[in-house]
file query-v4.txt (compact mmCIF, C-alpha atoms (C1' of nucleotides))
# COMPACT_ATOMS: atom_id res chain seq x y z
CA MET A 1125 -76.22 36.73 -37.30
CA GLU A 1126 -74.80 39.98 -36.10
CA THR A 1127 -71.27 39.74 -34.75
CA TYR A 1128 -69.55 41.88 -32.12
CA TYR A 1129 -67.88 43.64 -34.99
CA ASP A 1130 -71.19 44.51 -36.63
CA ILE A 1131 -72.60 45.80 -33.40
CA LEU A 1132 -69.57 47.99 -32.79
CA VAL A 1133 -69.63 49.35 -36.33
CA ASP A 1134 -73.28 50.27 -35.85
CA GLU A 1135 -72.32 52.03 -32.63
CA LEU A 1136 -69.72 54.08 -34.50
CA LYS A 1137 -72.31 55.08 -37.09
CA ASN A 1138 -74.77 56.05 -34.40
CA LYS A 1139 -72.18 58.31 -32.80
CA ASN A 1140 -71.29 59.94 -36.13
CA LEU A 1141 -67.72 58.72 -36.08
CA ARG A 1142 -66.07 58.13 -39.43
CA LEU A 1143 -65.67 54.55 -40.54
CA SER A 1144 -62.20 54.93 -41.96
CA ALA A 1145 -60.43 51.85 -43.27
CA HIS A 1146 -57.88 51.96 -40.47
CA ARG A 1147 -60.44 52.34 -37.73
CA LEU A 1148 -62.34 49.35 -39.03
CA LYS A 1149 -59.16 47.28 -39.19
CA ILE A 1150 -58.31 48.11 -35.58
CA LEU A 1151 -61.83 47.39 -34.45
CA GLN A 1152 -61.80 44.09 -36.30
CA TYR A 1153 -58.50 43.15 -34.68
CA LEU A 1154 -59.90 43.86 -31.23
CA CYS A 1155 -62.98 41.76 -31.92
CA GLU A 1156 -60.95 38.81 -33.16
CA ASN A 1157 -58.26 39.05 -30.49
CA LEU A 1158 -59.83 39.18 -27.08
CA ASN A 1159 -56.44 38.85 -25.41
CA HIS A 1160 -56.14 42.45 -24.22
CA PRO A 1161 -53.41 43.67 -26.56
CA THR A 1162 -51.20 46.70 -26.01
CA ALA A 1163 -51.13 49.49 -28.59
CA ASP A 1164 -47.82 48.13 -29.80
CA GLN A 1165 -49.14 44.60 -30.26
CA ILE A 1166 -51.96 45.91 -32.40
CA TYR A 1167 -49.49 47.97 -34.39
CA VAL A 1168 -47.06 45.12 -35.03
CA HIS A 1169 -49.84 42.76 -36.07
CA LEU A 1170 -51.70 45.11 -38.40
CA GLN A 1171 -48.57 46.47 -40.02
CA LYS A 1172 -48.23 43.19 -41.90
CA ASP A 1173 -51.49 43.89 -43.72
CA VAL A 1174 -51.36 47.67 -43.76
CA PRO A 1175 -47.73 48.81 -43.98
CA THR A 1176 -48.66 52.49 -44.02
CA LEU A 1177 -50.42 52.28 -40.68
CA SER A 1178 -48.81 54.45 -38.00
CA LYS A 1179 -48.75 54.18 -34.25
CA THR A 1180 -50.27 57.62 -33.98
CA THR A 1181 -53.36 56.29 -35.68
CA ILE A 1182 -53.48 53.32 -33.31
CA TYR A 1183 -53.43 55.65 -30.32
CA ASN A 1184 -55.87 58.06 -31.90
CA THR A 1185 -58.31 55.29 -32.74
CA LEU A 1186 -58.05 53.67 -29.33
CA HIS A 1187 -58.81 57.01 -27.70
CA VAL A 1188 -61.78 57.58 -29.95
CA LEU A 1189 -63.14 54.09 -29.33
CA HIS A 1190 -62.62 54.50 -25.60
CA GLU A 1191 -64.44 57.83 -25.53
CA ALA A 1192 -67.25 56.29 -27.54
CA GLY A 1193 -67.56 53.65 -24.83
CA LEU A 1194 -66.62 50.77 -27.10
CA VAL A 1195 -63.23 49.99 -25.65
CA ARG A 1196 -62.09 49.42 -22.09
CA VAL A 1197 -58.66 50.60 -20.91
CA ILE A 1198 -56.76 48.19 -18.69
CA ASN A 1199 -54.02 49.47 -16.40
CA ILE A 1200 -53.24 46.34 -14.48
CA GLU A 1201 -49.54 47.07 -14.90
CA ASP A 1202 -47.75 50.39 -14.58
CA ASN A 1203 -45.66 50.28 -17.72
CA GLU A 1204 -48.24 49.21 -20.26
CA THR A 1205 -51.79 50.04 -21.20
CA ARG A 1206 -53.98 47.33 -22.65
CA TYR A 1207 -57.24 47.50 -24.53
CA ASP A 1208 -60.33 45.37 -24.66
CA ILE A 1209 -63.65 45.68 -26.43
CA ILE A 1210 -66.44 45.95 -23.93
CA ILE A 1211 -68.68 42.91 -23.99
CA GLU A 1212 -69.64 42.52 -20.37
CA SER A 1213 -68.08 43.48 -17.08
CA HIS A 1214 -65.46 41.12 -15.79
CA GLY A 1215 -62.28 41.13 -13.74
CA HIS A 1216 -58.78 40.80 -15.17
CA PHE A 1217 -56.09 38.46 -13.91
CA LYS A 1218 -52.49 38.90 -15.04
CA CYS A 1219 -50.02 36.04 -14.72
CA GLU A 1220 -46.64 37.30 -13.60
CA LYS A 1221 -44.89 34.37 -15.29
CA CYS A 1222 -46.31 34.28 -18.81
CA GLY A 1223 -47.84 37.76 -18.90
CA SER A 1224 -51.21 36.53 -20.14
CA ILE A 1225 -54.36 38.27 -19.05
CA PHE A 1226 -57.42 36.20 -18.18
CA ASN A 1227 -60.99 37.34 -17.74
CA PHE A 1228 -63.03 36.15 -14.80
CA LYS A 1229 -66.57 36.73 -13.67
CA VAL A 1230 -67.13 39.33 -11.00
CA ASP A 1231 -70.36 40.24 -9.33
CA PHE A 1232 -69.90 43.99 -9.29
CA ASN A 1233 -73.09 44.47 -7.31
CA VAL A 1234 -71.55 43.00 -4.17
CA LEU A 1235 -68.85 45.67 -4.34
CA GLU A 1236 -71.34 48.39 -3.51
CA THR A 1237 -70.25 50.15 -0.35
CA LYS A 1238 -71.60 52.86 1.85
CA ASP A 1239 -68.13 54.42 1.92
CA LEU A 1240 -68.90 55.86 -1.52
CA ALA A 1241 -72.40 57.07 -0.70
CA GLY A 1242 -73.04 60.24 -2.69
CA PHE A 1243 -70.29 59.45 -5.19
CA LYS A 1244 -70.95 58.95 -8.89
CA VAL A 1245 -69.20 55.75 -9.93
CA LYS A 1246 -68.63 55.41 -13.66
CA ASP A 1247 -65.99 52.71 -14.00
CA LYS A 1248 -65.31 49.65 -11.91
CA ASP A 1249 -62.17 47.60 -12.42
CA VAL A 1250 -61.05 44.50 -10.61
CA TYR A 1251 -57.43 43.47 -11.16
CA PHE A 1252 -55.86 40.32 -9.77
CA LYS A 1253 -52.24 39.26 -10.15
CA GLY A 1254 -50.46 36.01 -9.51
CA VAL A 1255 -49.58 32.83 -11.36
CA CYS A 1256 -51.93 31.09 -13.76
CA LYS A 1257 -52.80 27.40 -13.68
CA LYS A 1258 -50.58 26.47 -16.61
CA CYS A 1259 -47.50 28.21 -15.21
CA LEU A 1260 -48.10 26.65 -11.79
CA LEU A 1261 -48.13 23.20 -13.40
CA ASN A 1262 -44.93 23.98 -15.29
CA ILE A 1263 -43.22 25.04 -12.06
CA GLU A 1264 -44.31 21.84 -10.34
CA SER A 1265 -43.09 19.61 -13.15
CA GLU A 1266 -39.67 21.29 -13.01
CA ASN A 1267 -39.17 20.21 -9.40
CA MET B 1003 -48.05 53.26 21.54
CA GLU B 1004 -46.52 51.86 18.41
CA THR B 1005 -47.33 53.81 15.27
CA TYR B 1006 -47.57 52.59 11.67
CA TYR B 1007 -44.13 54.07 11.18
CA ASP B 1008 -42.66 52.04 14.06
CA ILE B 1009 -44.22 48.86 12.77
CA LEU B 1010 -42.85 49.43 9.30
CA VAL B 1011 -39.37 50.27 10.59
CA ASP B 1012 -39.42 47.02 12.55
CA GLU B 1013 -40.39 45.23 9.37
CA LEU B 1014 -37.41 46.71 7.56
CA LYS B 1015 -35.09 45.57 10.33
CA ASN B 1016 -36.56 42.07 10.25
CA LYS B 1017 -35.91 41.87 6.53
CA ASN B 1018 -32.32 43.07 6.89
CA LEU B 1019 -32.90 46.19 4.84
CA ARG B 1020 -30.75 49.19 5.70
CA LEU B 1021 -32.38 51.99 7.61
CA SER B 1022 -30.80 54.81 5.68
CA ALA B 1023 -31.83 58.37 6.49
CA HIS B 1024 -33.54 58.78 3.11
CA ARG B 1025 -35.46 55.56 3.36
CA LEU B 1026 -36.78 56.53 6.76
CA LYS B 1027 -37.82 59.95 5.47
CA ILE B 1028 -39.75 58.43 2.58
CA LEU B 1029 -41.38 55.89 4.85
CA GLN B 1030 -42.33 58.63 7.30
CA TYR B 1031 -43.84 60.68 4.49
CA LEU B 1032 -45.94 57.73 3.35
CA CYS B 1033 -47.18 57.11 6.89
CA GLU B 1034 -48.14 60.74 7.42
CA ASN B 1035 -49.67 61.22 3.96
CA LEU B 1036 -52.16 58.51 3.25
CA ASN B 1037 -53.27 60.27 0.07
CA HIS B 1038 -51.59 57.89 -2.38
CA PRO B 1039 -48.84 60.17 -3.68
CA THR B 1040 -46.94 59.73 -6.94
CA ALA B 1041 -43.15 59.38 -6.90
CA ASP B 1042 -42.93 62.99 -8.04
CA GLN B 1043 -45.17 64.27 -5.26
CA ILE B 1044 -42.97 62.57 -2.68
CA TYR B 1045 -39.91 64.02 -4.35
CA VAL B 1046 -41.21 67.59 -4.48
CA HIS B 1047 -42.34 67.49 -0.88
CA LEU B 1048 -39.22 65.94 0.64
CA GLN B 1049 -36.84 68.08 -1.38
CA LYS B 1050 -37.73 71.03 0.83
CA ASP B 1051 -36.23 69.24 3.84
CA VAL B 1052 -33.56 67.20 2.06
CA PRO B 1053 -32.28 69.15 -0.95
CA THR B 1054 -29.79 66.46 -1.90
CA LEU B 1055 -32.49 63.82 -2.29
CA SER B 1056 -32.75 62.48 -5.82
CA LYS B 1057 -35.63 60.98 -7.74
CA THR B 1058 -33.57 57.86 -8.35
CA THR B 1059 -33.57 57.26 -4.60
CA ILE B 1060 -37.33 57.77 -4.43
CA TYR B 1061 -37.86 55.13 -7.10
CA ASN B 1062 -35.28 52.81 -5.59
CA THR B 1063 -36.81 53.09 -2.14
CA LEU B 1064 -40.36 52.62 -3.38
CA HIS B 1065 -39.28 49.46 -5.23
CA VAL B 1066 -37.53 48.13 -2.14
CA LEU B 1067 -40.52 48.87 0.07
CA HIS B 1068 -42.85 47.28 -2.45
CA GLU B 1069 -40.77 44.12 -2.67
CA ALA B 1070 -40.64 43.99 1.12
CA GLY B 1071 -44.42 44.03 1.09
CA LEU B 1072 -44.72 47.34 2.92
CA VAL B 1073 -45.99 49.45 0.05
CA ARG B 1074 -48.83 48.94 -2.37
CA VAL B 1075 -48.54 50.06 -6.00
CA ILE B 1076 -51.62 51.73 -7.48
CA ASN B 1077 -52.13 51.85 -11.23
CA ILE B 1078 -55.61 53.27 -11.40
CA GLU B 1079 -54.45 55.63 -14.13
CA ASP B 1080 -52.25 54.84 -17.10
CA ASN B 1081 -49.84 57.74 -16.89
CA GLU B 1082 -49.00 57.72 -13.22
CA THR B 1083 -48.08 55.24 -10.54
CA ARG B 1084 -49.14 55.92 -6.98
CA TYR B 1085 -47.97 54.45 -3.71
CA ASP B 1086 -49.65 53.56 -0.47
CA ILE B 1087 -48.46 51.94 2.72
CA ILE B 1088 -50.28 48.70 3.28
CA ILE B 1089 -52.56 48.88 6.29
CA GLU B 1090 -55.49 46.76 5.26
CA SER B 1091 -57.05 45.78 1.96
CA HIS B 1092 -59.38 48.32 0.45
CA GLY B 1093 -60.57 49.59 -2.90
CA HIS B 1094 -59.45 52.84 -4.52
CA PHE B 1095 -61.74 55.42 -6.06
CA LYS B 1096 -60.31 58.18 -8.24
CA CYS B 1097 -62.29 61.34 -8.86
CA GLU B 1098 -61.93 62.48 -12.45
CA LYS B 1099 -62.60 66.10 -11.47
CA CYS B 1100 -60.27 66.78 -8.54
CA GLY B 1101 -57.93 63.82 -8.99
CA SER B 1102 -58.19 62.74 -5.37
CA ILE B 1103 -58.04 59.08 -4.47
CA PHE B 1104 -60.37 57.73 -1.81
CA ASN B 1105 -60.21 54.42 0.01
CA PHE B 1106 -63.32 52.33 0.46
CA LYS B 1107 -64.04 49.03 2.13
CA VAL B 1108 -64.20 45.96 -0.07
CA ASP B 1109 -65.01 42.45 0.97
CA PHE B 1110 -62.39 40.67 -1.10
CA ASN B 1111 -63.74 37.28 -0.09
CA VAL B 1112 -66.88 37.72 -2.16
CA LEU B 1113 -64.70 38.21 -5.24
CA GLU B 1114 -63.61 34.57 -5.16
CA THR B 1115 -64.56 32.93 -8.42
CA LYS B 1116 -64.38 29.46 -9.88
CA ASP B 1117 -63.06 30.98 -13.10
CA LEU B 1118 -59.67 31.19 -11.38
CA ALA B 1119 -59.73 27.72 -9.88
CA GLY B 1120 -56.17 26.39 -9.82
CA PHE B 1121 -54.68 29.89 -10.11
CA LYS B 1122 -52.44 31.40 -7.44
CA VAL B 1123 -53.75 34.87 -6.67
CA LYS B 1124 -51.25 37.15 -4.94
CA ASP B 1125 -52.66 40.64 -5.41
CA LYS B 1126 -56.20 41.88 -5.60
CA ASP B 1127 -56.99 45.43 -6.64
CA VAL B 1128 -60.33 47.12 -6.99
CA TYR B 1129 -60.34 50.44 -8.82
CA PHE B 1130 -63.38 52.65 -9.26
CA LYS B 1131 -63.53 55.92 -11.16
CA GLY B 1132 -66.09 58.69 -11.29
CA VAL B 1133 -66.88 61.92 -9.50
CA CYS B 1134 -66.59 62.36 -5.75
CA LYS B 1135 -69.29 63.78 -3.50
CA LYS B 1136 -67.63 67.16 -3.11
CA CYS B 1137 -67.16 67.70 -6.85
CA LEU B 1138 -70.75 66.59 -7.53
CA LEU B 1139 -72.01 69.23 -5.08
CA ASN B 1140 -69.82 71.87 -6.73
CA ILE B 1141 -71.23 70.99 -10.14
CA GLU B 1142 -74.79 71.22 -8.83
CA SER B 1143 -74.23 74.59 -7.19
CA GLU B 1144 -72.88 75.97 -10.48
CA ASN B 1145 -76.17 75.27 -12.25
C1' DG C 1067 -13.68 46.31 5.33
C1' DT C 1068 -17.79 44.87 2.76
C1' DT C 1069 -21.78 45.54 1.19
C1' DC C 1070 -25.34 48.25 -0.07
C1' DC C 1071 -27.19 52.93 -1.04
C1' DT C 1072 -27.16 57.36 -3.43
C1' DG C 1073 -27.10 60.65 -7.12
C1' DC C 1074 -25.89 62.30 -11.51
C1' DA C 1075 -26.45 61.94 -16.24
C1' DA C 1076 -27.97 59.55 -19.92
C1' DA C 1077 -31.02 56.36 -22.01
C1' DA C 1078 -35.20 53.91 -22.61
C1' DG C 1079 -39.97 53.38 -23.45
C1' DC C 1080 -44.54 54.72 -24.12
C1' DT C 1081 -47.61 58.33 -25.36
C1' DT C 1082 -48.80 62.94 -27.02
C1' DT C 1083 -48.52 67.03 -30.04
C1' DG C 1084 -48.24 70.07 -34.28
C1' DC C 1085 -48.85 70.37 -38.76
C1' DA C 1086 -49.31 69.40 -43.72
C1' DG C 1087 -51.41 66.29 -46.82
C1' DA C 1088 -55.01 62.70 -47.65
C1' DA C 1089 -59.34 60.58 -47.21
C1' DG C 1090 -64.23 60.37 -45.63
C1' DA C 1091 -69.03 62.20 -45.80
C1' DT D 1047 -66.36 71.13 -50.43
C1' DC D 1048 -65.80 70.81 -45.70
C1' DT D 1049 -64.55 68.28 -42.00
C1' DT D 1050 -62.02 64.85 -39.98
C1' DC D 1051 -58.32 61.45 -40.12
C1' DT D 1052 -53.56 60.10 -40.94
C1' DG D 1053 -48.60 59.97 -40.54
C1' DC D 1054 -44.21 61.85 -39.79
C1' DA D 1055 -41.09 63.85 -36.74
C1' DA D 1056 -40.24 65.83 -32.59
C1' DA D 1057 -41.19 66.55 -27.93
C1' DG D 1058 -42.86 65.22 -23.27
C1' DC D 1059 -43.01 62.34 -19.21
C1' DT D 1060 -42.16 58.88 -16.20
C1' DT D 1061 -39.11 55.38 -15.08
C1' DT D 1062 -34.78 52.72 -15.56
C1' DT D 1063 -29.76 51.98 -15.97
C1' DG D 1064 -24.58 52.43 -15.35
C1' DC D 1065 -21.27 53.85 -12.62
C1' DA D 1066 -18.42 56.31 -9.20
C1' DG D 1067 -18.48 58.04 -4.61
C1' DG D 1068 -20.41 57.66 -0.01
C1' DA D 1069 -22.86 55.76 3.90
C1' DA D 1070 -24.49 51.80 6.74
C1' DC D 1071 -23.38 47.74 9.27

call {"tool": "encode", "arguments": {"input": "query-v4.txt", "output": "structure tokens"}}
result
Amino acid sequence: METYYDILVDELKNKNLRLSAHRLKILQYLCENLNHPTADQIYVHLQKDVPTLSKTTIYNTLHVLHEAGLVRVINIEDNETRYDIIIESHGHFKCEKCGSIFNFKVDFNVLETKDLAGFKVKDKDVYFKGVCKKCLLNIESEN
Amino acid sequence: METYYDILVDELKNKNLRLSAHRLKILQYLCENLNHPTADQIYVHLQKDVPTLSKTTIYNTLHVLHEAGLVRVINIEDNETRYDIIIESHGHFKCEKCGSIFNFKVDFNVLETKDLAGFKVKDKDVYFKGVCKKCLLNIESEN
DNA sequence: GTTCCTGCAAAAGCTTTGCAGAAGA
DNA sequence: TCTTCTGCAAAGCTTTTGCAGGAAC
């Protein structure tokens, strides 16, 4: 069975991008960790395995993967950029207590609007913020 | 007739926030320029009138206005934060050619999803990116 | 008279850039 | 062999912080 990773590697080949060891590591990390990591989180994690890995390479690779259409950029918060492999369109919810990001289904078709008639829409992002279920329960149990 | 500015000033009074000269200037600018400026754009513009104004005050004021619920924070792009007085909920479209940000109507009710059952949702943002009508026409006329 | 706001300078934090050496095709 | 990638160090940008003086109430 072909995994997300395999599919993405094929995509890289198709687009004539080099399959360097570091790129594959980063891609693998993204496929195994669908928790919308920041560049720094990827760096800290992979450095354990690959001590020579630099942040520059993380940024470079994320840019390349984004331009190739394999990675989504998430700017739900102003002071951090997060990354996500693109599986299917969904919205992102960020909990202000624990900082976790959750995916949720969004019907992007219903967002069509005549206000943007004549516009070419390439990216659609839906960002929600608030408090997640788990944190809400924790707050309740404290009172 | 009461303007947006008047309404917002009343809001500040109600929340016991000080109506300093600089705060009122920044609020006035936001009411008269509904083009989602960055902190720097506000700074550059207002400095002509108020040379002593500092960027620190711009940031401070924007934070205060945001916490008071009068200003919306827009993170459609990773390297810049934009600000918007809150009139009614709408989506934001950013043109990748000219950089302009357009508002468009969004029915936020249809975005409700059972995936977030039990979550407390406080903010909802819809960000689209692409090319605006005007830039599309310019591109066509070049060919 | 208090409290809060302002502005300067410095620091912090994330991201980008330039360039020489290394690795991929 | 040629092209592209990598990593270091430095720079760039936006935003935050600490603190003394000043303004609002």

call {"tool": "closest_residue", "arguments": {"input": "query-v4.txt", "among": "B:Pro1039, B:Gly1093, B:Gly1132, B:Gly1101", "to": "Ile1060 (chain B)", "atoms": "all atoms listed in the file"}}
result
B:Pro1039

call {"tool": "closest_residue", "arguments": {"input": "query-v4.txt", "among": "B:Val1073, B:Leu1055, B:Leu1036, B:Ile1088", "to": "chain C", "atoms": "only C-alpha atoms (C1' of nucleotides)"}}
result
B:Leu1055

call {"tool": "interface_residues", "arguments": {"input": "query-v4.txt", "of": "chain C", "to": "chain A", "cutoff": "9 Å", "atoms": "only C-alpha atoms (C1' of nucleotides)", "output": "list of chain:residue names"}}
result
C:DG1079, C:DC1080, C:DT1081, C:DT1082, C:DA1089, C:DG1090, C:DA1091

call {"tool": "closest_residue", "arguments": {"input": "query-v4.txt", "among": "D:DC1048, D:DT1060, D:DG1067, D:DG1053", "to": "chain B", "atoms": "all atoms listed in the file"}}
result
D:DT1060

call {"tool": "closest_atom_pairs", "arguments": {"input": "query-v4.txt", "of": "chain D", "to": "chain B", "cutoff": "10 Å", "atoms": "only C-alpha atoms (C1' of nucleotides)", "output": "JSON lines"}}
result
{"residue": "D:DC1059", "atom": "C1'", "partner": "B:Asn1081", "partner_atom": "CA", "distance": 8.6}
{"residue": "D:DT1060", "atom": "C1'", "partner": "B:Glu1082", "partner_atom": "CA", "distance": 7.6}
{"residue": "D:DT1061", "atom": "C1'", "partner": "B:Tyr1061", "partner_atom": "CA", "distance": 8.1}
{"residue": "D:DT1062", "atom": "C1'", "partner": "B:Thr1058", "partner_atom": "CA", "distance": 8.9}
{"residue": "D:DA1069", "atom": "C1'", "partner": "B:Ser1022", "partner_atom": "CA", "distance": 8.2}
{"residue": "D:DA1070", "atom": "C1'", "partner": "B:Arg1020", "partner_atom": "CA", "distance": 6.9}
{"residue": "D:DC1071", "atom": "C1'", "partner": "B:Arg1020", "partner_atom": "CA", "distance": 8.3}

call {"tool": "interface_residues", "arguments": {"input": "query-v4.txt", "of": "chain A", "to": "chain B", "cutoff": "6 Å", "atoms": "all atoms listed in the file", "output": "JSON list (two decimals) with C-alpha atoms, in the frame of the given file"}}
result
[["chain", "number", "residue", "atom", "x", "y", "z"],
["A", 1199, "ASN", "CA", -54.02, 49.47, -16.40],
["A", 1202, "ASP", "CA", -47.75, 50.39, -14.58],
["A", 1228, "PHE", "CA", -63.03, 36.15, -14.80],
["A", 1239, "ASP", "CA", -68.13, 54.42, 1.92],
["A", 1242, "GLY", "CA", -73.04, 60.24, -2.69],
["A", 1243, "PHE", "CA", -70.29, 59.45, -5.19],
["A", 1244, "LYS", "CA", -70.95, 58.95, -8.89],
["A", 1245, "VAL", "CA", -69.20, 55.75, -9.93],
["A", 1246, "LYS", "CA", -68.63, 55.41, -13.66],
["A", 1247, "ASP", "CA", -65.99, 52.71, -14.00],
["A", 1248, "LYS", "CA", -65.31, 49.65, -11.91],
["A", 1249, "ASP", "CA", -62.17, 47.60, -12.42],
["A", 1250, "VAL", "CA", -61.05, 44.50, -10.61],
["A", 1251, "TYR", "CA", -57.43, 43.47, -11.16],
["A", 1252, "PHE", "CA", -55.86, 40.32, -9.77],
["A", 1253, "LYS", "CA", -52.24, 39.26, -10.15],
["A", 1254, "GLY", "CA", -50.46, 36.01, -9.51],
["A", 1255, "VAL", "CA", -49.58, 32.83, -11.36],
["A", 1256, "CYS", "CA", -51.93, 31.09, -13.76],
["A", 1257, "LYS", "CA", -52.80, 27.40, -13.68]]

call {"tool": "axis_aligned_box", "arguments": {"input": "query-v4.txt", "around": "region 1078-1091 of chain C", "padding_each_side": "5 Å", "output": "JSON"}}
result
{"center_x": -52.1, "center_y": 61.9, "center_z": -35.1, "size_x": 43.8, "size_y": 27.0, "size_z": 35.0}

call {"tool": "residues_around", "arguments": {"input": "query-v4.txt", "residues": "Asn1035 (chain B)", "least_positions_apart": "4", "cutoff": "10 Å", "atoms": "all atoms listed in the file", "output": "NGL selection string"}}
result
:B and (1029-1031 or 1039 or 1044 or 1086-1087)

call {"tool": "residues_around", "arguments": {"input": "query-v4.txt", "residues": "DT1083 (chain C)", "least_positions_apart": "4", "cutoff": "12 Å", "atoms": "all atoms listed in the file", "output": "list in words"}}
result
Thr1180 and Asn1184 of chain A; DC1054, DA1055, DA1056, DA1057 and DG1058 of chain D

call {"tool": "closest_residue", "arguments": {"input": "query-v4.txt", "among": "B:Thr1005, B:Asn1140, B:Gln1043, B:Ser1056", "to": "DT1072 (chain C)", "atoms": "only C-alpha atoms (C1' of nucleotides)"}}
result
B:Ser1056

call {"tool": "atom_distance", "arguments": {"input": "query-v4.txt", "atom1": "CA of Ile1225 (chain A)", "atom2": "CA of Ala1070 (chain B)"}}
result
25.1 Å

call {"tool": "atom_distance", "arguments": {"input": "query-v4.txt", "atom1": "CA of His1190 (chain A)", "atom2": "C1' of DT1049 (chain D)"}}
result
21.5 Å

call {"tool": "residues_around", "arguments": {"input": "query-v4.txt", "residues": "DT1063 (chain D)", "least_positions_apart": "4", "cutoff": "9 Å", "atoms": "all atoms listed in the file", "output": "JSON, numbers by chain"}}
result
{"C": [1076, 1077, 1078]}

call {"tool": "atom_distance", "arguments": {"input": "query-v4.txt", "atom1": "CA of Leu1194 (chain A)", "atom2": "CA of Ile1211 (chain A)"}}
result
8.7 Å

call {"tool": "decode", "arguments": {"input": "query-v4.txt", "residues": "region 1158-1163 of chain A", "atoms": "all heavy atoms", "output": "PDB file, in the first residue's frame"}}
result
ATOM      1  N   LEU A1158       1.245  14.866  12.084  1.00  0.00           N
ATOM      2  CA  LEU A1158       0.241  15.729  11.471  1.00  0.00           C
ATOM      3  C   LEU A1158      -0.283  16.759  12.474  1.00  0.00           C
ATOM      4  O   LEU A1158      -1.447  17.108  12.484  1.00  0.00           O
ATOM      5  CB  LEU A1158      -0.915  14.875  10.942  1.00  0.00           C
ATOM      6  CG  LEU A1158      -0.504  13.797   9.939  1.00  0.00           C
ATOM      7  CD1 LEU A1158      -1.701  12.952   9.540  1.00  0.00           C
ATOM      8  CD2 LEU A1158       0.135  14.414   8.708  1.00  0.00           C
ATOM      9  N   ASN A1159       0.627  17.246  13.319  1.00  0.00           N
ATOM     10  CA  ASN A1159       0.223  18.190  14.358  1.00  0.00           C
ATOM     11  C   ASN A1159       0.681  19.612  14.061  1.00  0.00           C
ATOM     12  O   ASN A1159       0.876  20.406  14.962  1.00  0.00           O
ATOM     13  CB  ASN A1159       0.746  17.739  15.720  1.00  0.00           C
ATOM     14  CG  ASN A1159       2.251  17.544  15.691  1.00  0.00           C
ATOM     15  OD1 ASN A1159       2.855  17.548  14.620  1.00  0.00           O
ATOM     16  ND2 ASN A1159       2.849  17.405  16.834  1.00  0.00           N
ATOM     17  N   HIS A1160       0.893  19.912  12.775  1.00  0.00           N
ATOM     18  CA  HIS A1160       1.174  21.283  12.360  1.00  0.00           C
ATOM     19  C   HIS A1160       2.367  21.895  13.070  1.00  0.00           C
ATOM     20  O   HIS A1160       2.234  22.897  13.765  1.00  0.00           O
ATOM     21  CB  HIS A1160      -0.060  22.159  12.574  1.00  0.00           C
ATOM     22  CG  HIS A1160      -1.338  21.489  12.196  1.00  0.00           C
ATOM     23  ND1 HIS A1160      -2.009  20.688  13.069  1.00  0.00           N
ATOM     24  CD2 HIS A1160      -2.032  21.479  11.056  1.00  0.00           C
ATOM     25  CE1 HIS A1160      -3.100  20.216  12.483  1.00  0.00           C
ATOM     26  NE2 HIS A1160      -3.129  20.671  11.253  1.00  0.00           N
ATOM     27  N   PRO A1161       3.539  21.300  12.927  1.00  0.00           N
ATOM     28  CA  PRO A1161       4.708  21.811  13.639  1.00  0.00           C
ATOM     29  C   PRO A1161       5.225  23.133  13.073  1.00  0.00           C
ATOM     30  O   PRO A1161       4.968  23.467  11.918  1.00  0.00           O
ATOM     31  CB  PRO A1161       5.747  20.705  13.428  1.00  0.00           C
ATOM     32  CG  PRO A1161       5.353  20.075  12.144  1.00  0.00           C
ATOM     33  CD  PRO A1161       3.853  20.137  12.100  1.00  0.00           C
ATOM     34  N   THR A1162       5.951  23.868  13.922  1.00  0.00           N
ATOM     35  CA  THR A1162       6.681  25.044  13.464  1.00  0.00           C
ATOM     36  C   THR A1162       8.025  24.570  12.904  1.00  0.00           C
ATOM     37  O   THR A1162       8.427  23.418  13.116  1.00  0.00           O
ATOM     38  CB  THR A1162       6.961  26.011  14.626  1.00  0.00           C
ATOM     39  OG1 THR A1162       7.766  25.336  15.595  1.00  0.00           O
ATOM     40  CG2 THR A1162       5.672  26.458  15.285  1.00  0.00           C
ATOM     41  N   ALA A1163       8.712  25.465  12.208  1.00  0.00           N
ATOM     42  CA  ALA A1163      10.033  25.125  11.676  1.00  0.00           C
ATOM     43  C   ALA A1163      10.948  24.695  12.819  1.00  0.00           C
ATOM     44  O   ALA A1163      11.717  23.740  12.690  1.00  0.00           O
ATOM     45  CB  ALA A1163      10.622  26.316  10.930  1.00  0.00           C
TER      46      ALA A1163
END
